[in-house]
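A short write-up of the structure that comes next.
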Amino acid sequence: MYNRPLLNPPENAIVLCVDEKIQIQALDRTQHVLPLKKRAPKRLTTTYKRNGTIALIAALAVHSGEITAKTIKSNNADNFLVFLKKLDRTYRNKTPHIIVDYLSVHKNQKIKDWLSSKRKIKLHFTPTYSSWLDQVEIWFNMLTKDVLKGGVWKLVEQLSSQMLEYIDTYNQTRAKPFAWTYTGNVLTIN
């Protein structure tokens, strides 16, 4: 049920990196984009109106780079369990190996109880303070740069819709496995 980080997955395994991006703010600028000047990038005012927050839970399939995601109002064990059930349905005839960080939501008793009846699903935890090793964090950075940074939304629903549209487009046009370039020694955890 709970395993150490997955360094060498079984052949043909489905490895999913799962994490949550929380407190994504739907911000509306108090003024329009500032006028362009020669040799100056687009500029936004520093003042804004907050229109609520939303969270995104996402799974990156390591073998394909595709994203499965869901917007949620809050990050809790109930929402994580709903997402795990979605992954279970999506990969019904596979054995998903799911990489998560040590967040208490991921270790909640409800999760443990549900996983005890799902022998095929394996959770693997990143080492403490090392959630940056989880590949979905790379994708969250892409989402931030492509969609969230400098965005303007009057409603949380607009923000949610734009993120989900981005995910659909990403899966259709850009999804591919990340190529790791690290050439140093691999740290093994005993």
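As shown in the structure tokens, the chain order sets the letters A, B, ...; within each chain, residues go from 1, and ligands are also counted from 1 in the order they appear.
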
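For Gly151 in chain A, the non-local neighbours within 9 Å, defined as residues at least 4 positions apart in the same chain or in other chains and counting only C-alpha atoms, are A:Ala26, A:Leu27, A:Asp28, A:Arg29, A:Val147, A:Leu159.
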
ask   = Per DSSP on the backbone, what are the strand (DSSP E) residues of range 13-86 of chain A, as a ChimeraX atom specification?
value = /A:14-29,48-61,67-72

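The gap separating CA of Gln158 in chain A from CA of Phe83 in chain A is 21.6 Å, in Å to one decimal.
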
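Between CA of Met163 in chain A and CA of Ala69 in chain A the separation is 9.5 Å.
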
task = Write out as a ChimeraX atom specification all residues of range 1-181 of chain A that DSSP puts in alpha helix (DSSP H) for this structure's backbone.
result = /A:77-90,109-116,136-143,156-173

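For the pair CA of Ala77 in chain A and CA of Leu103 in chain A, the interatomic distance is 10.1 Å.
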
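Using only C-alpha atoms, the protein and nucleic acid residues lying no more than 8 Å from range 7-21 of chain A, apart from those fewer than 2 places from it along its own chain, are A:Pro5, A:Gln23, A:Ile24, A:Ala55, A:Leu56, A:Ile57, A:Ala58, A:Ala59, A:Leu60, A:Ala61, A:Val62, A:His63, A:Asn75, A:Lys94, A:Thr95, A:Pro96, A:His97, A:Ile98, A:Ile99, A:Val100, A:Asp101, A:Asp134, A:Gln135, A:Val136, A:Glu137, A:Phe140.
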
ask   = Excluding same-chain residues fewer than 4 positions from Ser161 in chain A, what lies within 12 Å of it counting only C-alpha atoms, as JSON, numbers by chain?
value = {"A": [26, 54, 56, 69, 70, 71, 147, 153, 155, 156, 157, 165, 166, 167, 168]}

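Proximity ranking of A:Val152, A:Ile72, A:Ile121, A:Val105 relative to Leu87 in chain A places A:Ile121 first, based on only C-alpha atoms.
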